[in-house]
Each structure stands twice: as structure tokens, then as C-alpha cells.
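Q: See structure_0.pdb below, with PDB, C-alpha atoms.
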```
ATOM      1  CA  MET C   1      96.179 113.388  68.967
ATOM      2  CA  ASN C   2      96.068 109.613  69.523
ATOM      3  CA  LEU C   3      96.953 108.721  73.098
ATOM      4  CA  ASP C   4      95.637 105.140  73.099
ATOM      5  CA  LYS C   5      99.110 103.581  72.954
ATOM      6  CA  LEU C   6     100.413 105.738  75.807
ATOM      7  CA  ILE C   7      97.364 104.978  77.942
ATOM      8  CA  ASN C   8      97.571 101.251  77.220
ATOM      9  CA  GLU C   9     101.294 101.074  77.991
ATOM     10  CA  ASN C  10     100.809 103.065  81.177
ATOM     11  CA  GLU C  11      98.070 100.752  82.430
ATOM     12  CA  LYS C  12      99.842  97.608  81.231
ATOM     13  CA  ALA C  13     102.899  98.515  83.307
ATOM     14  CA  ARG C  14     100.896  98.245  86.511
ATOM     15  CA  GLU C  15      98.628  95.259  86.037
ATOM     16  CA  PRO C  16      97.792  93.516  89.345
ATOM     17  CA  VAL C  17     100.598  91.220  90.497
ATOM     18  CA  SER C  18     100.271  88.575  93.201
ATOM     19  CA  PHE C  19     103.219  87.467  95.318
ATOM     20  CA  PRO C  20     104.097  83.894  96.313
ATOM     21  CA  ILE C  21     103.871  85.109  99.923
ATOM     22  CA  SER C  22     101.301  87.281 101.671
ATOM     23  CA  ASP C  23     101.485  91.063 101.491
ATOM     24  CA  LYS C  24     102.117  91.101 105.235
ATOM     25  CA  GLU C  25     105.083  88.725 105.018
ATOM     26  CA  LEU C  26     106.519  90.675 102.107
ATOM     27  CA  CYS C  27     106.297  93.959 104.022
ATOM     28  CA  ASP C  28     107.604  92.433 107.254
ATOM     29  CA  ARG C  29     110.631  91.036 105.418
ATOM     30  CA  TYR C  30     111.338  94.350 103.700
ATOM     31  CA  GLU C  31     111.470  95.940 107.150
ATOM     32  CA  GLN C  32     114.264  93.500 108.056
ATOM     33  CA  VAL C  33     116.557  94.768 105.282
ATOM     34  CA  PHE C  34     117.646  98.355 104.560
ATOM     35  CA  THR C  35     116.942 100.886 101.815
ATOM     36  CA  SER C  36     120.555 100.995 100.607
ATOM     37  CA  ALA C  37     120.455  97.287  99.736
ATOM     38  CA  VAL C  38     117.119  97.673  97.965
ATOM     39  CA  ASN C  39     118.438 100.698  96.068
ATOM     40  CA  ASP C  40     121.467  98.700  94.923
ATOM     41  CA  VAL C  41     119.228  95.903  93.654
ATOM     42  CA  LEU C  42     117.085  98.342  91.693
ATOM     43  CA  ARG C  43     120.256  99.848  90.215
ATOM     44  CA  GLU C  44     121.341  96.376  89.049
ATOM     45  CA  ASP C  45     118.039  96.240  87.154
ATOM     46  CA  GLY C  46     118.608  99.656  85.572
ATOM     47  CA  LEU C  47     116.184 101.513  87.852
ATOM     48  CA  LEU C  48     118.227 104.494  89.030
ATOM     49  CA  TYR C  49     115.478 106.911  90.019
ATOM     50  CA  GLN C  50     113.250 105.217  92.580
ATOM     51  CA  THR C  51     114.269 107.315  95.590
ATOM     52  CA  LEU C  52     111.904 110.024  96.784
ATOM     53  CA  PRO C  53     113.310 113.537  97.369
ATOM     54  CA  THR C  54     115.978 113.625 100.057
ATOM     55  CA  ASN C  55     114.085 116.157 102.173
ATOM     56  CA  ILE C  56     111.403 113.562 102.959
ATOM     57  CA  ILE C  57     112.701 112.135 106.228
ATOM     58  CA  PRO C  58     111.294 110.225 109.229
ATOM     59  CA  LEU C  59     109.826 112.123 112.158
ATOM     60  CA  LYS C  60     112.196 110.064 114.314
ATOM     61  CA  GLU C  61     115.424 108.479 113.082
ATOM     62  CA  HIS C  62     114.482 104.984 114.263
ATOM     63  CA  MET C  63     111.288 104.871 112.160
ATOM     64  CA  LYS C  64     111.121 102.229 109.472
ATOM     65  CA  VAL C  65     108.177 101.164 107.318
ATOM     66  CA  ALA C  66     107.334  99.012 104.326
ATOM     67  CA  GLY C  67     103.870  98.707 102.853
ATOM     68  CA  ILE C  68     101.620  98.700  99.821
ATOM     69  CA  ALA C  69     101.285 102.164  98.272
ATOM     70  CA  PHE C  70      97.904 103.795  98.882
ATOM     71  CA  THR C  71      98.263 106.994  96.903
ATOM     72  CA  VAL C  72      96.668 110.387  97.566
ATOM     73  CA  LYS C  73      96.921 113.477  95.363
ATOM     74  CA  GLY C  74      96.231 117.088  96.317
ATOM     75  CA  SER C  75      97.283 120.699  95.765
ATOM     76  CA  LYS C  76      96.832 124.216  97.083
ATOM     77  CA  ASN C  77      93.158 125.132  96.845
ATOM     78  CA  LEU C  78      90.851 127.510  98.732
ATOM     79  CA  THR C  79      87.643 125.553  98.055
ATOM     80  CA  LEU C  80      85.906 124.280 101.209
ATOM     81  CA  ALA C  81      82.759 122.474 100.033
ATOM     82  CA  ASN C  82      82.565 118.714 100.739
ATOM     83  CA  GLU C  83      86.223 118.531 101.701
ATOM     84  CA  MET C  84      85.676 116.622 104.943
ATOM     85  CA  GLU C  85      83.359 114.110 103.284
ATOM     86  CA  PHE C  86      85.991 113.387 100.643
ATOM     87  CA  ARG C  87      88.695 112.917 103.273
ATOM     88  CA  ALA C  88      86.457 110.515 105.187
ATOM     89  CA  GLN C  89      85.837 108.520 102.015
ATOM     90  CA  MET C  90      89.579 108.305 101.407
ATOM     91  CA  LEU C  91      90.350 107.139 104.938
ATOM     92  CA  GLU C  92      87.634 104.471 104.774
ATOM     93  CA  SER C  93      89.298 103.121 101.617
ATOM     94  CA  VAL C  94      92.716 102.616 103.243
ATOM     95  CA  SER C  95      93.584  98.908 103.214
ATOM     96  CA  PRO C  96      95.584  96.668 105.568
ATOM     97  CA  GLU C  97      99.376  96.568 105.049
ATOM     98  CA  SER C  98      99.291  99.881 103.181
ATOM     99  CA  VAL C  99     101.424 103.002 103.406
ATOM    100  CA  VAL C 100      99.557 106.211 102.613
ATOM    101  CA  VAL C 101     101.587 108.245 100.096
ATOM    102  CA  TRP C 102     100.680 111.929  99.692
ATOM    103  CA  ASP C 103     101.636 113.722  96.483
ATOM    104  CA  THR C 104     101.021 117.356  97.471
ATOM    105  CA  SER C 105     102.071 119.011  94.190
ATOM    106  CA  CYS C 106     105.077 120.408  96.078
ATOM    107  CA  ASP C 107     103.034 122.181  98.764
ATOM    108  CA  ASN C 108     105.161 124.081 101.275
ATOM    109  CA  GLU C 109     102.591 125.416 103.738
ATOM    110  CA  SER C 110      99.977 122.919 104.899
ATOM    111  CA  ALA C 111     100.085 119.838 107.084
ATOM    112  CA  GLN C 112      98.476 116.947 105.227
ATOM    113  CA  TRP C 113      98.864 114.516 108.126
ATOM    114  CA  GLY C 114      98.108 114.679 111.837
ATOM    115  CA  GLU C 115      96.811 112.955 114.946
ATOM    116  CA  ILE C 116      93.301 112.064 113.746
ATOM    117  CA  MET C 117      94.407 110.759 110.345
ATOM    118  CA  THR C 118      96.961 108.617 112.138
ATOM    119  CA  MET C 119      94.294 107.163 114.413
ATOM    120  CA  ALA C 120      91.860 106.483 111.570
ATOM    121  CA  SER C 121      94.373 104.923 109.178
ATOM    122  CA  LYS C 122      96.018 102.856 111.903
ATOM    123  CA  ARG C 123      92.638 101.313 112.733
ATOM    124  CA  ARG C 124      92.377 100.286 109.077
ATOM    125  CA  GLY C 125      95.634  98.323 109.336
ATOM    126  CA  CYS C 126      97.797 100.962 107.677
ATOM    127  CA  ARG C 127     101.522 100.634 108.412
ATOM    128  CA  GLY C 128     102.663 104.254 107.962
ATOM    129  CA  ALA C 129     102.533 107.452 105.913
ATOM    130  CA  VAL C 130     104.861 109.231 103.491
ATOM    131  CA  VAL C 131     103.959 112.874 102.918
ATOM    132  CA  ASP C 132     105.578 115.179 100.372
ATOM    133  CA  GLY C 133     104.427 118.001 102.621
ATOM    134  CA  GLY C 134     103.747 118.615 106.283
ATOM    135  CA  VAL C 135     102.684 116.988 109.523
ATOM    136  CA  ARG C 136     101.075 118.565 112.564
ATOM    137  CA  ASP C 137     100.120 117.307 116.040
ATOM    138  CA  THR C 138     103.598 115.838 115.917
ATOM    139  CA  ASP C 139     103.787 114.837 119.575
ATOM    140  CA  LYS C 140     100.426 113.055 119.328
ATOM    141  CA  VAL C 141     101.460 111.281 116.128
ATOM    142  CA  LEU C 142     104.679 110.109 117.768
ATOM    143  CA  ALA C 143     102.745 108.793 120.760
ATOM    144  CA  GLN C 144     100.873 106.391 118.455
ATOM    145  CA  ASP C 145     104.059 104.579 117.359
ATOM    146  CA  PHE C 146     103.182 105.093 113.693
ATOM    147  CA  PRO C 147     105.995 105.685 111.166
ATOM    148  CA  VAL C 148     105.623 108.989 109.321
ATOM    149  CA  PHE C 149     108.014 110.485 106.754
ATOM    150  CA  CYS C 150     107.548 114.117 105.718
ATOM    151  CA  LYS C 151     109.271 117.350 104.591
ATOM    152  CA  TYR C 152     108.298 119.678 107.433
ATOM    153  CA  ARG C 153     106.091 120.291 110.468
ATOM    154  CA  SER C 154     103.416 122.989 110.568
ATOM    155  CA  SER C 155     100.337 123.863 112.595
ATOM    156  CA  ASN C 156      98.553 124.826 109.325
ATOM    157  CA  GLY C 157      95.628 122.528 108.645
ATOM    158  CA  MET C 158      94.623 121.811 105.041
ATOM    159  CA  LEU C 159      91.124 123.278 105.121
ATOM    160  CA  GLY C 160      91.013 126.532 103.168
ATOM    161  CA  ARG C 161      94.640 126.123 102.052
ATOM    162  CA  PHE C 162      94.916 122.738 100.368
ATOM    163  CA  ARG C 163      92.505 120.214  98.907
ATOM    164  CA  MET C 164      92.563 116.537  98.021
ATOM    165  CA  ILE C 165      92.128 115.866  94.297
ATOM    166  CA  GLY C 166      91.814 112.084  94.405
ATOM    167  CA  TYR C 167      93.251 108.841  95.699
ATOM    168  CA  GLN C 168      94.404 105.441  94.453
ATOM    169  CA  MET C 169      95.704 107.026  91.275
ATOM    170  CA  PRO C 170      99.229 107.249  89.809
ATOM    171  CA  VAL C 171     101.201 110.056  91.471
ATOM    172  CA  MET C 172     104.647 111.551  91.089
ATOM    173  CA  ILE C 173     106.903 112.733  93.894
ATOM    174  CA  GLY C 174     110.175 114.212  92.734
ATOM    175  CA  ASN C 175     111.196 112.089  89.739
ATOM    176  CA  VAL C 176     109.481 108.965  91.045
ATOM    177  CA  ARG C 177     106.218 107.664  89.617
ATOM    178  CA  ILE C 178     104.228 105.743  92.221
ATOM    179  CA  PHE C 179     101.303 103.509  91.355
ATOM    180  CA  PRO C 180      98.767 102.059  93.796
ATOM    181  CA  GLY C 181     100.088  98.653  94.829
ATOM    182  CA  ASP C 182     103.792  99.489  94.497
ATOM    183  CA  ILE C 183     105.948  98.819  97.546
ATOM    184  CA  ILE C 184     107.014 101.812  99.620
ATOM    185  CA  PHE C 185     110.009 101.333 101.919
ATOM    186  CA  GLY C 186     111.481 103.957 104.212
ATOM    187  CA  ASP C 187     114.160 104.071 106.887
ATOM    188  CA  ILE C 188     116.742 106.495 108.240
ATOM    189  CA  ASP C 189     118.204 106.934 104.721
ATOM    190  CA  GLY C 190     114.916 108.040 103.153
ATOM    191  CA  VAL C 191     112.099 106.501 101.120
ATOM    192  CA  ILE C 192     112.222 104.304  98.040
ATOM    193  CA  CYS C 193     109.515 102.960  95.702
ATOM    194  CA  ILE C 194     109.745  99.410  94.358
ATOM    195  CA  PRO C 195     107.544  98.645  91.318
ATOM    196  CA  ARG C 196     105.086  95.952  92.335
ATOM    197  CA  GLU C 197     105.970  93.527  89.550
ATOM    198  CA  LYS C 198     109.598  93.497  90.744
ATOM    199  CA  ALA C 199     109.012  93.659  94.497
ATOM    200  CA  TYR C 200     109.378  89.965  95.383
ATOM    201  CA  ASP C 201     112.540  89.382  93.346
ATOM    202  CA  VAL C 202     114.032  92.633  94.674
ATOM    203  CA  LEU C 203     113.353  91.478  98.225
ATOM    204  CA  LEU C 204     115.130  88.148  97.682
ATOM    205  CA  ARG C 205     118.179  89.872  96.208
ATOM    206  CA  ALA C 206     118.257  92.477  99.006
ATOM    207  CA  GLU C 207     118.173  89.694 101.597
ATOM    208  CA  GLU C 208     121.100  88.061  99.781
ATOM    209  CA  ILE C 209     123.052  91.335  99.876
ATOM    210  CA  GLN C 210     122.379  91.664 103.595
ATOM    211  CA  ARG C 211     123.738  88.169 104.198
ATOM    212  CA  ASN C 212     126.820  88.914 102.056
ATOM    213  CA  GLU C 213     127.538  92.098 103.981
ATOM    214  CA  LYS C 214     127.789  90.088 107.192
ATOM    215  CA  ASP C 215     130.623  88.130 105.547
ATOM    216  CA  ILE C 216     132.330  91.348 104.402
ATOM    217  CA  LYS C 217     132.145  92.808 107.895
ATOM    218  CA  GLN C 218     133.648  89.631 109.289
ATOM    219  CA  MET C 219     136.570  89.872 106.831
ATOM    220  CA  ILE C 220     137.286  93.397 108.040
ATOM    221  CA  LEU C 221     137.056  92.358 111.690
ATOM    222  CA  GLU C 222     139.543  89.573 110.978
ATOM    223  CA  GLY C 223     142.046  92.151 109.752
ATOM    224  CA  MET C 224     141.862  91.846 105.984
ATOM    225  CA  THR C 225     142.866  94.910 103.997
ATOM    226  CA  PRO C 226     140.288  96.540 101.717
ATOM    227  CA  THR C 227     142.185  95.169  98.706
ATOM    228  CA  GLU C 228     142.009  91.633 100.126
ATOM    229  CA  VAL C 229     138.300  92.053 100.810
ATOM    230  CA  VAL C 230     137.645  93.180  97.237
ATOM    231  CA  GLY C 231     139.747  90.249  95.996
ATOM    232  CA  LYS C 232     137.379  87.878  97.776
ATOM    233  CA  GLY C 233     134.348  89.465  96.152
ATOM    234  CA  GLY C 234     133.645  92.109  98.774
ATOM    235  CA  TYR C 235     132.878  95.763  98.189
ATOM    236  CA  PHE C 236     132.796  99.120  99.931
TER
END
```
What is this structure when it is put down as C-alpha cells?
A:
Amino acid sequence: MNLDKLINENEKAREPVSFPISDKELCDRYEQVFTSAVNDVLREDGLLYQTLPTNIIPLKEHMKVAGIAFTVKGSKNLTLANEMEFRAQMLESVSPESVVVWDTSCDNESAQWGEIMTMASKRRGCRGAVVDGGVRDTDKVLAQDFPVFCKYRSSNGMLGRFRMIGYQMPVMIGNVRIFPGDIIFGDIDGVICIPREKAYDVLLRAEEIQRNEKDIKQMILEGMTPTEVVGKGGYF
């Protein structure tokens, strides 16, 4: 079996891409738009499946985060040896402006995120976490004003139930492939992944849509009918 072409194409698709603005400005500006606009832009480009599963929601409805994907992969596992050392290594690798993204292999029991991980990653300049699994110490996480998106809450710690496999590797949550360096954006309507090579252009178009929607809202406030709004280029 010759897999060279598949491997090359897979790596080629995620070559490092620099933006004409800083990572911080890019992420800050994403947080000023909304996921629906970004989703619509991705759809215009033929990318229909960039939304993470709908059961991954914010701990609090007002939470919003955009950042550079720092990926973590794990699964159910009873092995205990060297687990804490590996977690520490992962947390020390978290970079500024990142969002930690946990692919848990569809775990439904353990909490992969909690108070101490929040403290450690926040000190590294991390902007938030997206967990396809659970969170514990919820009140203490909320007190740190750190956006977290997850499937459930549980007092179950990982040790003896779940184990990290690796980090900063391609992961898959639902139908969405996420590569280190992609842009992760979450708000009250869920979480979306923007491929890094498209992230700047998608942002510009989403900002344009947001400006256009102000005009559409004004048309409605002025009493135009939906048909008149559509006739002037609006939409619903």
C-alpha cells in the first residue's frame, strides 16, 4: 500500500500560513463578529461541514472565544503511569492566543478540563477551551472568566479512566477535521473551525456581512416589507 500521496496532500493542506495582521488582532476581530456570519462565508466557499457537534455548548451563554487551535487527543484508558508528567508537558506547550481543543474519542464519562488546567493554560496566554467531553470544578472555572465549551459536567477526573494520547496533531470532532493552527471560534450558537489558510479572507467577508446586516435591520425598522428588503439585496 502506497500512502505517500495521501500523506503529502494531508500535510500540504496545512502548511504554515502567516496573516497580514497579528494573531491577536485576528482573534480579537473574530470575537466582534458572530458564528452564523462565519458559517455563511464558509458555505459560500463550499465548506459546509466546519461546525462542531451541536451538543458542544458554552458553560455560560455569554461566553465567546476565538483563538488558534492547540489540539489535544485522548481516549478511555486505565493506564496510570507517567500520565501527570505528560499533561504537564502539554500545558507547558500551550501558546499565547490559542484555544485548547480536546478530541476525546467521544468519551462520555470523564472531565478533561477543570480549575487547575484553566489556571495553567490561562497563564500561558490561552484564550479558552473546547472539549468534546466533560468539565469539572465548574464554579471555579467560571470564576476565572475563561470561556469553556463542552458536552457535559462531571466530577469524574481523567486519571484511571481516560488518558491523553498526544497533542498538536490533527484531530477530528464530529465530522470536522481540526489541524493545529486553524482558527476556532465559538459563541452562543456553538463552535466552528476555520481552516488557517482561509481565516483572514473569511474574517473580512464576515465583517462585511455584519455591516450589511445593520442595513437590513434598518430597512425593517423603517417599515419595508420582507419582499422590498429582498428586492434591495437583503435576506432573511
Q: Return as a list in words the set of residues that the PyMOL selection byres ((chain C and resi 208-216) around 10) yields on the displayed structure.
A: Gln32, Val33, Phe34, Ser36, Ala37, Val38, Asp40, Val41, Val202, Leu203, Leu204, Arg205, Ala206, Glu207, Lys217, Gln218, Met219, Ile220, Leu221, Glu222, Met224, Pro226, Val229, Val230, Lys232, Gly233, Gly234, Tyr235 and Phe236 of chain C
Q: Excluding Val94 in chain C and its own-chain neighbours fewer than 3 positions away, which residues fall within 12 Å of it when counting all atoms listed in the file? Please give them as a PyMOL selection string.
A: chain C and resi 67-72+87-91+97-101+117-118+120-129+167-168+180-181
Q: Expand the PyMOL selection byres ((chain C and resi 64) around 6) into the explicit residue set it covers here, and present it as an NGL selection string.
A: :C and (63 or 65 or 186-187)
Q: Written as number ranges by chain, what is the full residue list that the PyMOL selection byres ((chain C and resi 24) around 10) yields on the file shown?
A: C: 21-23, 25-30, 66-68, 96-98
Q: Export, as a PDB file, in the coordinates of the input, the selected residues with C-alpha atoms.
A:
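Result written to out_25.pdb:
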```pdb
ATOM      1  CA  ILE C  21     103.871  85.109  99.923  1.00  0.00           C
ATOM      2  CA  SER C  22     101.301  87.281 101.671  1.00  0.00           C
ATOM      3  CA  ASP C  23     101.485  91.063 101.491  1.00  0.00           C
ATOM      4  CA  GLU C  25     105.083  88.725 105.018  1.00  0.00           C
ATOM      5  CA  LEU C  26     106.519  90.675 102.107  1.00  0.00           C
ATOM      6  CA  CYS C  27     106.297  93.959 104.022  1.00  0.00           C
ATOM      7  CA  ASP C  28     107.604  92.433 107.254  1.00  0.00           C
ATOM      8  CA  ARG C  29     110.631  91.036 105.418  1.00  0.00           C
ATOM      9  CA  TYR C  30     111.338  94.350 103.700  1.00  0.00           C
ATOM     10  CA  ALA C  66     107.334  99.012 104.326  1.00  0.00           C
ATOM     11  CA  GLY C  67     103.870  98.707 102.853  1.00  0.00           C
ATOM     12  CA  ILE C  68     101.620  98.700  99.821  1.00  0.00           C
ATOM     13  CA  PRO C  96      95.584  96.668 105.568  1.00  0.00           C
ATOM     14  CA  GLU C  97      99.376  96.568 105.049  1.00  0.00           C
ATOM     15  CA  SER C  98      99.291  99.881 103.181  1.00  0.00           C
TER      16      SER C  98
END
```
Q: Have a look at C:Leu59, C:Arg161, C:Asp45, C:Gly74 and name the one nearest to Asp139 in chain C; count only C-alpha atoms.
A: C:Leu59
Q: Rank nothing, just name the residue among C:Trp113, C:Phe185, C:Tyr49, C:Phe149 nearest to Phe162 in chain C, using all atoms listed in the file.
A: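 Under the stated criterion, the closest residue is C:Trp113.
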Q: Could you state the separation of CA of Pro16 in chain C and CA of Glu197 in chain C in Å, given to one decimal place?
A: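 About the pair CA of Pro16 in chain C and CA of Glu197 in chain C: they are 8.2 Å apart.
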Q: Could you check the closest approach to Gly166 in chain C for each of C:Ser110, C:Asn39, C:Asn2, C:Thr104 and tell me which residue wins, using all atoms listed in the file?
A: C:Thr104
Q: Which is closest to Lys60 in chain C among C:Asp189, C:Glu92, C:Glu109, C:Asp103, if we use all atoms listed in the file?
A: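 Ranked by minimum distance to Lys60 in chain C, first place goes to C:Asp189.
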Q: Would you work out the distance separating CA of Val135 in chain C from CA of Lys151 in chain C, expressed in Å to one decimal?
A: 8.2 Å
Q: Could you jot down the CA of Glu115 in chain C to CA of Trp102 in chain C separation for me, Å, one decimal place?
A: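 Here the two named atoms are 15.8 Å from each other.
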Q: So, counting all atoms listed in the file, which residue among C:Pro195, C:Ile183, C:Val176, C:Val17 is closest to Gln50 in chain C?
A: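 Of C:Pro195, C:Ile183, C:Val176, C:Val17, the one nearest Gln50 in chain C, counting all atoms listed in the file, is C:Val176.
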Q: With all atoms listed in the file as the basis for distance, which of C:Thr227, C:Gln144, C:Asn77, C:Gln112 is at the shortest distance from Ile165 in chain C?
A: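 Counting all atoms listed in the file, the residue closest to Ile165 in chain C is C:Asn77.
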